[in-house]
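The file model.pdb contains PDB, C-alpha atoms and all ligand atoms:
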ATOM      1  CA  MET G  18     110.678 106.162 118.927  1.00  0.00           C
ATOM      2  CA  ASN G  19     109.138 104.259 116.070  1.00  0.00           C
ATOM      3  CA  HIS G  20     106.357 103.062 118.335  1.00  0.00           C
ATOM      4  CA  ILE G  21     102.751 103.882 119.040  1.00  0.00           C
ATOM      5  CA  SER G  22     102.490 105.490 122.452  1.00  0.00           C
ATOM      6  CA  ALA G  23      99.524 107.867 122.147  1.00  0.00           C
ATOM      7  CA  HIS G  24      97.346 105.024 121.050  1.00  0.00           C
ATOM      8  CA  LYS G  25      93.839 105.842 122.350  1.00  0.00           C
ATOM      9  CA  GLY G  26      92.432 107.264 119.099  1.00  0.00           C
ATOM     10  CA  ILE G  27      94.251 104.670 117.080  1.00  0.00           C
ATOM     11  CA  LEU G  28      92.712 101.967 119.237  1.00  0.00           C
ATOM     12  CA  ASN G  29      89.248 103.211 118.291  1.00  0.00           C
ATOM     13  CA  LEU G  30      90.181 103.203 114.602  1.00  0.00           C
ATOM     14  CA  ASN G  31      91.783  99.786 114.823  1.00  0.00           C
ATOM     15  CA  ARG G  32      89.320  97.500 116.461  1.00  0.00           C
ATOM     16  CA  PRO G  33      89.562  94.524 116.876  1.00  0.00           C
ATOM     17  CA  TYR G  34      93.135  95.196 118.092  1.00  0.00           C
ATOM     18  CA  THR G  35      93.186  95.132 121.881  1.00  0.00           C
ATOM     19  CA  GLU G  36      94.804  97.937 123.831  1.00  0.00           C
ATOM     20  CA  GLN G  37      97.610  95.587 124.897  1.00  0.00           C
ATOM     21  CA  GLU G  38      98.334  94.604 121.304  1.00  0.00           C
ATOM     22  CA  LEU G  39      98.710  98.234 120.225  1.00  0.00           C
ATOM     23  CA  LEU G  40     100.548  99.488 123.286  1.00  0.00           C
ATOM     24  CA  ASP G  41     104.154 100.031 122.235  1.00  0.00           C
ATOM     25  CA  ALA G  42     103.559  98.295 118.927  1.00  0.00           C
ATOM     26  CA  PRO G  43     105.698  99.516 116.018  1.00  0.00           C
ATOM     27  CA  HIS G  44     103.958 101.641 113.370  1.00  0.00           C
ATOM     28  CA  SER G  45     104.579  98.773 110.963  1.00  0.00           C
ATOM     29  CA  ILE G  46     101.680  96.922 112.619  1.00  0.00           C
ATOM     30  CA  LEU G  47      99.505  99.483 110.771  1.00  0.00           C
ATOM     31  CA  ARG G  48     101.589  99.509 107.575  1.00  0.00           C
ATOM     32  CA  HIS G  49      99.365  99.105 104.521  1.00  0.00           C
ATOM     33  CA  PRO G  50     100.926  97.766 101.303  1.00  0.00           C
ATOM     34  CA  GLY G  51      99.130 100.537  99.392  1.00  0.00           C
ATOM     35  CA  MET G  52     101.255 103.232 101.022  1.00  0.00           C
ATOM     36  CA  PRO G  53     104.174 104.458  98.885  1.00  0.00           C
ATOM     37  CA  ARG G  54     107.471 104.402 100.789  1.00  0.00           C
ATOM     38  CA  CYS G  55     108.418 107.863  99.504  1.00  0.00           C
ATOM     39  CA  VAL G  56     105.603 109.445 101.539  1.00  0.00           C
ATOM     40  CA  PHE G  57     107.029 107.933 104.739  1.00  0.00           C
ATOM     41  CA  LYS G  58     110.512 109.052 103.712  1.00  0.00           C
ATOM     42  CA  LEU G  59     109.222 112.603 103.263  1.00  0.00           C
ATOM     43  CA  LEU G  60     107.410 112.394 106.612  1.00  0.00           C
ATOM     44  CA  TRP G  61     110.544 111.246 108.471  1.00  0.00           C
ATOM     45  CA  ASP G  62     112.835 113.706 106.647  1.00  0.00           C
ATOM     46  CA  VAL G  63     110.612 116.624 107.635  1.00  0.00           C
ATOM     47  CA  VAL G  64     110.049 115.712 111.292  1.00  0.00           C
ATOM     48  CA  GLN G  65     113.681 114.723 111.862  1.00  0.00           C
ATOM     49  CA  ASP G  66     114.519 118.172 110.527  1.00  0.00           C
ATOM     50  CA  GLY G  67     112.395 119.623 113.354  1.00  0.00           C
ATOM     51  CA  ARG G  68     109.413 120.626 111.212  1.00  0.00           C
ATOM     52  CA  GLU G  69     105.761 119.528 111.103  1.00  0.00           C
ATOM     53  CA  ILE G  70     104.006 117.745 108.266  1.00  0.00           C
ATOM     54  CA  PHE G  71     100.455 116.944 107.265  1.00  0.00           C
ATOM     55  CA  ALA G  72     100.116 113.724 105.279  1.00  0.00           C
ATOM     56  CA  TYR G  73      97.475 111.334 104.071  1.00  0.00           C
ATOM     57  CA  VAL G  74      98.176 107.800 105.290  1.00  0.00           C
ATOM     58  CA  VAL G  75      96.252 104.626 104.568  1.00  0.00           C
ATOM     59  CA  ASN G  76      96.514 102.162 107.464  1.00  0.00           C
ATOM     60  CA  ARG G  77      95.639  98.514 107.805  1.00  0.00           C
ATOM     61  CA  SER G  78      93.255  97.170 110.439  1.00  0.00           C
ATOM     62  CA  LYS G  79      93.809  93.834 112.118  1.00  0.00           C
ATOM     63  CA  ASN G  80      91.080  92.228 110.015  1.00  0.00           C
ATOM     64  CA  GLY G  81      92.882  93.257 106.803  1.00  0.00           C
ATOM     65  CA  ASP G  82      90.568  96.206 106.192  1.00  0.00           C
ATOM     66  CA  TYR G  83      91.987  99.707 105.664  1.00  0.00           C
ATOM     67  CA  TYR G  84      91.232 103.259 106.728  1.00  0.00           C
ATOM     68  CA  TRP G  85      92.608 106.648 105.685  1.00  0.00           C
ATOM     69  CA  VAL G  86      93.851 109.198 108.155  1.00  0.00           C
ATOM     70  CA  PHE G  87      94.931 112.795 107.703  1.00  0.00           C
ATOM     71  CA  ALA G  88      97.955 112.881 109.992  1.00  0.00           C
ATOM     72  CA  HIS G  89      99.555 115.949 111.531  1.00  0.00           C
ATOM     73  CA  VAL G  90     103.001 114.707 112.546  1.00  0.00           C
ATOM     74  CA  THR G  91     105.180 116.883 114.756  1.00  0.00           C
ATOM     75  CA  PRO G  92     108.504 116.570 116.541  1.00  0.00           C
ATOM     76  CA  THR G  93     108.498 117.023 120.319  1.00  0.00           C
ATOM     77  CA  PHE G  94     111.368 119.041 121.796  1.00  0.00           C
ATOM     78  CA  GLY G  95     113.032 118.458 125.156  1.00  0.00           C
ATOM     79  CA  SER G  96     114.191 121.250 127.474  1.00  0.00           C
ATOM     80  CA  ASP G  97     117.617 121.035 125.782  1.00  0.00           C
ATOM     81  CA  GLY G  98     115.967 122.061 122.491  1.00  0.00           C
ATOM     82  CA  LYS G  99     116.671 118.680 120.938  1.00  0.00           C
ATOM     83  CA  ILE G 100     114.029 116.402 119.458  1.00  0.00           C
ATOM     84  CA  SER G 101     112.844 113.994 122.147  1.00  0.00           C
ATOM     85  CA  GLY G 102     110.102 112.210 120.208  1.00  0.00           C
ATOM     86  CA  TYR G 103     107.389 112.455 117.587  1.00  0.00           C
ATOM     87  CA  HIS G 104     103.642 112.757 117.764  1.00  0.00           C
ATOM     88  CA  SER G 105     100.905 112.099 115.248  1.00  0.00           C
ATOM     89  CA  ASN G 106      97.463 113.610 115.526  1.00  0.00           C
ATOM     90  CA  ARG G 107      95.237 111.636 113.180  1.00  0.00           C
ATOM     91  CA  ARG G 108      91.937 112.870 111.820  1.00  0.00           C
ATOM     92  CA  ILE G 109      89.416 111.115 109.617  1.00  0.00           C
ATOM     93  CA  PRO G 110      89.717 112.863 106.206  1.00  0.00           C
ATOM     94  CA  ARG G 111      86.684 114.792 105.030  1.00  0.00           C
ATOM     95  CA  ARG G 112      87.472 114.286 101.352  1.00  0.00           C
ATOM     96  CA  PRO G 113      86.572 111.083  99.482  1.00  0.00           C
ATOM     97  CA  ARG G 114      89.528 108.761  98.977  1.00  0.00           C
ATOM     98  CA  GLN G 115      89.329 109.102  95.160  1.00  0.00           C
ATOM     99  CA  ASP G 116      90.972 112.517  95.588  1.00  0.00           C
ATOM    100  CA  ARG G 117      94.238 111.078  96.857  1.00  0.00           C
ATOM    101  CA  THR G 118      94.531 107.493  95.605  1.00  0.00           C
ATOM    102  CA  PRO G 119      95.685 108.228  92.009  1.00  0.00           C
ATOM    103  CA  ILE G 120      98.936 109.908  93.065  1.00  0.00           C
ATOM    104  CA  TYR G 121      99.644 107.217  95.675  1.00  0.00           C
ATOM    105  CA  GLN G 122      98.951 104.473  93.107  1.00  0.00           C
ATOM    106  CA  GLN G 123     101.305 106.161  90.672  1.00  0.00           C
ATOM    107  CA  LEU G 124     104.057 106.379  93.294  1.00  0.00           C
ATOM    108  CA  LEU G 125     103.549 102.769  94.342  1.00  0.00           C
ATOM    109  CA  ALA G 126     103.714 101.601  90.719  1.00  0.00           C
ATOM    110  CA  VAL G 127     107.084 103.330  90.319  1.00  0.00           C
ATOM    111  CA  GLU G 128     108.400 101.688  93.506  1.00  0.00           C
ATOM    112  CA  ASN G 129     107.107  98.227  92.535  1.00  0.00           C
ATOM    113  CA  ALA G 130     108.463  98.449  88.983  1.00  0.00           C
ATOM    114  CA  THR G 131     112.007  99.018  90.241  1.00  0.00           C
ATOM    115  CA  PRO G 132     113.664  95.843  91.572  1.00  0.00           C
ATOM    116  CA  ASP G 133     116.305  97.794  93.512  1.00  0.00           C
ATOM    117  CA  ARG G 134     114.447  99.182  96.575  1.00  0.00           C
ATOM    118  CA  LYS G 135     116.737 102.164  97.047  1.00  0.00           C
ATOM    119  CA  ALA G 136     116.565 103.152  93.380  1.00  0.00           C
ATOM    120  CA  GLY G 137     112.772 102.705  93.435  1.00  0.00           C
ATOM    121  CA  LEU G 138     112.488 105.013  96.412  1.00  0.00           C
ATOM    122  CA  ALA G 139     114.669 107.634  94.722  1.00  0.00           C
ATOM    123  CA  LYS G 140     112.507 107.484  91.573  1.00  0.00           C
ATOM    124  CA  SER G 141     109.174 107.701  93.411  1.00  0.00           C
ATOM    125  CA  THR G 142     110.512 110.597  95.505  1.00  0.00           C
ATOM    126  CA  GLU G 143     111.284 112.402  92.239  1.00  0.00           C
ATOM    127  CA  VAL G 144     107.765 111.690  90.945  1.00  0.00           C
ATOM    128  CA  LEU G 145     106.256 112.872  94.235  1.00  0.00           C
ATOM    129  CA  HIS G 146     107.998 116.219  93.891  1.00  0.00           C
ATOM    130  CA  ALA G 147     107.915 116.655  90.102  1.00  0.00           C
ATOM    131  CA  PRO G 148     104.210 117.499  89.570  1.00  0.00           C
ATOM    132  CA  LEU G 149     104.287 119.520  92.743  1.00  0.00           C
ATOM    133  CA  LYS G 150     107.195 121.540  91.415  1.00  0.00           C
ATOM    134  CA  ASP G 151     105.272 122.146  88.159  1.00  0.00           C
ATOM    135  CA  VAL G 152     102.365 123.708  90.001  1.00  0.00           C
ATOM    136  CA  GLY G 153     104.646 125.383  92.476  1.00  0.00           C
ATOM    137  CA  GLN G 154     103.211 123.467  95.415  1.00  0.00           C
ATOM    138  CA  THR G 155     104.841 121.657  98.274  1.00  0.00           C
ATOM    139  CA  TYR G 156     103.402 118.301  99.312  1.00  0.00           C
ATOM    140  CA  GLU G 157     101.735 120.096 102.221  1.00  0.00           C
ATOM    141  CA  GLN G 158     100.017 122.609  99.945  1.00  0.00           C
ATOM    142  CA  PHE G 159      98.951 119.706  97.740  1.00  0.00           C
ATOM    143  CA  VAL G 160      97.326 117.802 100.608  1.00  0.00           C
ATOM    144  CA  PHE G 161      95.340 120.901 101.553  1.00  0.00           C
ATOM    145  CA  SER G 162      94.302 121.553  97.959  1.00  0.00           C
ATOM    146  CA  ILE G 163      92.471 118.241  97.471  1.00  0.00           C
TER     147      ILE G 163
HETATM  148  C1  LIG G 201     104.606 110.129 114.774  1.00  0.00           C
HETATM  149  C2  LIG G 201     104.592 109.123 113.650  1.00  0.00           C
HETATM  150  C3  LIG G 201     103.422 108.449 113.348  1.00  0.00           C
HETATM  151  C4  LIG G 201     103.376 107.490 112.318  1.00  0.00           C
HETATM  152  N1  LIG G 201     102.178 106.857 112.054  1.00  0.00           N
HETATM  153  C5  LIG G 201     102.153 105.893 111.114  1.00  0.00           C
HETATM  154  C6  LIG G 201     100.934 105.208 110.826  1.00  0.00           C
HETATM  155  O1  LIG G 201      99.860 105.491 111.365  1.00  0.00           O
HETATM  156  N2  LIG G 201     100.961 104.220 109.901  1.00  0.00           N
HETATM  157  C7  LIG G 201     102.107 103.868 109.248  1.00  0.00           C
HETATM  158  O2  LIG G 201     102.083 102.944 108.436  1.00  0.00           O
HETATM  159  N3  LIG G 201     103.263 104.535 109.476  1.00  0.00           N
HETATM  160  C8  LIG G 201     103.303 105.529 110.382  1.00  0.00           C
HETATM  161  N4  LIG G 201     104.473 106.213 110.614  1.00  0.00           N
HETATM  162  C9  LIG G 201     105.652 105.882 109.780  1.00  0.00           C
HETATM  163  C10 LIG G 201     106.328 104.608 110.284  1.00  0.00           C
HETATM  164  O3  LIG G 201     107.204 104.927 111.345  1.00  0.00           O
HETATM  165  C11 LIG G 201     107.118 103.931 109.147  1.00  0.00           C
HETATM  166  O4  LIG G 201     108.032 104.843 108.581  1.00  0.00           O
HETATM  167  C12 LIG G 201     106.172 103.425 108.042  1.00  0.00           C
HETATM  168  O5  LIG G 201     105.172 102.592 108.596  1.00  0.00           O
HETATM  169  C13 LIG G 201     106.920 102.673 106.953  1.00  0.00           C
HETATM  170  O6  LIG G 201     107.485 101.531 107.487  1.00  0.00           O
HETATM  171  P1  LIG G 201     108.689 100.812 106.748  1.00  0.00           P
HETATM  172  O7  LIG G 201     109.780 101.830 106.667  1.00  0.00           O
HETATM  173  O8  LIG G 201     109.014  99.666 107.645  1.00  0.00           O
HETATM  174  O9  LIG G 201     108.162 100.409 105.408  1.00  0.00           O
HETATM  175  C14 LIG G 201     104.550 107.195 111.599  1.00  0.00           C
HETATM  176  C15 LIG G 201     105.730 107.883 111.896  1.00  0.00           C
HETATM  177  C16 LIG G 201     105.761 108.854 112.888  1.00  0.00           C
HETATM  178  C17 LIG G 201     107.031 109.622 113.178  1.00  0.00           C
END
Go ahead and render the structure in this file as structure tokens.
Ligand SMILES: Cc1cc2nc3c(=O)[nH]c(=O)nc-3n(C[C@H](O)[C@H](O)[C@H](O)COP(=O)(O)O)c2cc1C
Amino acid sequence: MNHISAHKGILNLNRPYTEQELLDAPHSILRHPGMPRCVFKLLWDVVQDGREIFAYVVNRSKNGDYYWVFAHVTPTFGSDGKISGYHSNRRIPRRPRQDRTPIYQQLLAVENATPDRKAGLAKSTEVLHAPLKDVGQTYEQFVFSI
């Protein structure tokens, strides 16, 4: 399930990847080192719980370049009511990237400063939620407020 299936839009964003290269490729082919792991954890936690999430994601192009997307990630339900897959609808963000990079840089710094990966993820997850708690916002409200 961790694969790109609806790849048409992504193909346009990802040239010079060929269609064949992206077809059924894992998302990690797009994984940018500037993305904090806690944002992906939040994304997976929410969709595996059967809910939708909007998230800013920076992806890597084949040539090493990067691009931001505003992703709407949703679970897909089968006729048995169980989750049968996941879908991401990616839009080009309207806002300049300066609006969202500081928090991601802060989260990444916390993850990189902690040698134990699991502990680093736990700490950055706390940081991700802490300022949001202070202003009474969920991550989703935050992404719509910038
Ligand atoms: C529907 C869906 C779409 C995703 N799209 C991306 C994406 O465009 N780029 C990306 O790096 N990760 C994306 N992810 C998250 C990846 O599956 C993965 O968690 C992330 O790349 C982190 O990889 P890692 O756990 O190997 O570090 C998506 C997940 C889902 C459920």
Please list as a list in words every residue within 7 Å of Ser141 (chain G), counting all atoms listed in the file and excluding residues in the same chain fewer than 6 positions away.
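The contact residues come out as Cys55, Leu124, Val127 and Glu128 of chain G.
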Selection near region 88-95 of chain G, 10 Å with only C-alpha atoms, sequence-local residues under 3 positions removed, as a count of residues only:
28
Quick check, in Å to one decimal: how far apart do CA of Arg77 (chain G) and atom C13 of ligand LIG 201 (chain G) lie?
12.1 Å
Evaluating the PyMOL selection byres (((chain G and resi 144) around 12) and not hetatm) on the displayed file yields which residues, as a list in words?
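After applying the PyMOL selection byres (((chain G and resi 144) around 12) and not hetatm), what remains is Pro53, Cys55, Val56, Ile120, Tyr121, Gln122, Gln123, Leu124, Leu125, Ala126, Val127, Glu128, Gly137, Leu138, Ala139, Lys140, Ser141, Thr142, Glu143, Leu145, His146, Ala147, Pro148, Leu149, Lys150, Asp151 and Tyr156 of chain G.
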Quick one: 5 Å padding each side, axis-aligned, all listed atoms of ligand LIG 201 (chain G) - centre and edge lengths in Å to one decimal, as JSON?
{"center_x": 104.8, "center_y": 104.9, "center_z": 110.1, "size_x": 19.9, "size_y": 20.5, "size_z": 19.4}
Atomic distance atom C11 of ligand LIG 201 (chain G) - CA of Arg48 (chain G), expressed in Å with one decimal
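Computing the Euclidean distance for atom C11 of ligand LIG 201 (chain G) and CA of Arg48 (chain G) yields 7.3 Å.
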Point-to-point distance in Å for atom O1 of ligand LIG 201 (chain G) and CA of Asp62 (chain G)
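A separation of 16.1 Å between them.
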